[in-house]
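*Asks:* Supplied in C-alpha cells, the structure appears directly below.
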Amino acid sequence: MGLYNLLPKSLQQRISPVFMRYGIMAVIVVGIEIAGFWLLNSPLHINYLVATNLSLLIGILLNWVGSHYYVFGASRHTIRKEFTLVFLTSLVGVLLQTGTVYIMVHFINTKPLLGKVAAIIVTFFWNYFIRKRHIYKPAIEIY
C-alpha cells in the first residue's frame, strides 16, 4: 500500500485503497490500450471505430487480470462466471466507448485520439462501479 500512504491524510479519507489500486491498474492498461489504438489507427490506417474496439479487447483482458489479481482479489463467483460477468460488463463498455468516440469525432469534431481518451474516462467509472458493487462484492453472510 506504499503509494496510498504517500497521499495526504485528507485524500486518504476520500479515496479508498481499492479505488487507488484500480486507478493505478487503469493507468497502465490505458497506456497499453492507447498505444494499441494509435498503432492500429495511425501507422496501420485501420478505421478508428475498428481500432477502438480492437484496442478495447486488449484492455478488457488486461483489466480482468488486474482486477482479479491486484485490485479486488478473487470474487465470490467461480473464475469462469467472474470472467463472464467482467466480459459482459465490458461489452457495455465497448458500446460506451464506441458511442463516445463517435460522438466526439462526428458531433464535437475532435480528433479520434481525443475521443478515445474521453471514452476511456467514461468506461473507467462504469467498469469500477459495476465491478466494485456487483462482481467483486463480498458474499452476504447469513448467521
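Letters A, B, ... go to the chains of the C-alpha cells in the order shown; residues in each chain start at 1; ligands are counted from 1 in the same order.
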Write out as a ChimeraX atom specification the residues lying within 12 Å of Lys116 of chain A, counting only C-alpha atoms and excluding same-chain residues fewer than 6 positions away.

*Replies:* /A:30-31,33-38,41,48-53,55-56,94,96-105,110,122-123

*Asks:* Using only C-alpha atoms, which residues sit within 9 Å of Ser67 of chain A once same-chain residues fewer than 2 positions away are excluded, as a tab-separated table (two decimals) with C-alpha atoms, in the first residue's frame?

*Replies:*
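Ended up saving to selection36.tsv:
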chain	number	residue	atom	x	y	z
A	21	ARG	CA	-5.26	0.30	-6.90
A	22	TYR	CA	-7.93	0.34	-9.62
A	25	MET	CA	-4.04	-0.54	-12.82
A	62	LEU	CA	-5.67	-6.87	-19.00
A	63	ASN	CA	-8.29	-5.18	-16.83
A	64	TRP	CA	-9.77	-8.51	-15.76
A	65	VAL	CA	-6.34	-9.89	-14.86
A	69	TYR	CA	-5.08	-10.42	-9.01
A	70	TYR	CA	-4.27	-6.85	-7.91
A	71	VAL	CA	-7.33	-4.73	-7.18
A	72	PHE	CA	-10.22	-6.74	-5.78
A	73	GLY	CA	-8.92	-10.28	-5.45
A	74	ALA	CA	-10.97	-13.32	-6.34
A	131	ARG	CA	-17.05	-4.47	-10.55
A	136	TYR	CA	-16.38	-8.42	-6.59

*Asks:* Using only C-alpha atoms, find the one residue out of A:Trp126, A:Gly66, A:Arg76, A:Leu39 that sits nearest to Leu54 of chain A.

*Replies:* A:Leu39

*Asks:* Between A:Thr78, A:Leu95, A:Lys111, A:Ser90, which has the minimum distance to Leu61 of chain A (counting only C-alpha atoms)?

*Replies:*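 Looking only at the distances to Leu61 of chain A, the closest residue turns out to be A:Ser90.
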
*Asks:* Give me every helix (DSSP H, G or I) residue in segment 45-131 of chain A, going by DSSP on the backbone, as a ChimeraX atom specification.

*Replies:* /A:48-71,79-106,112-131
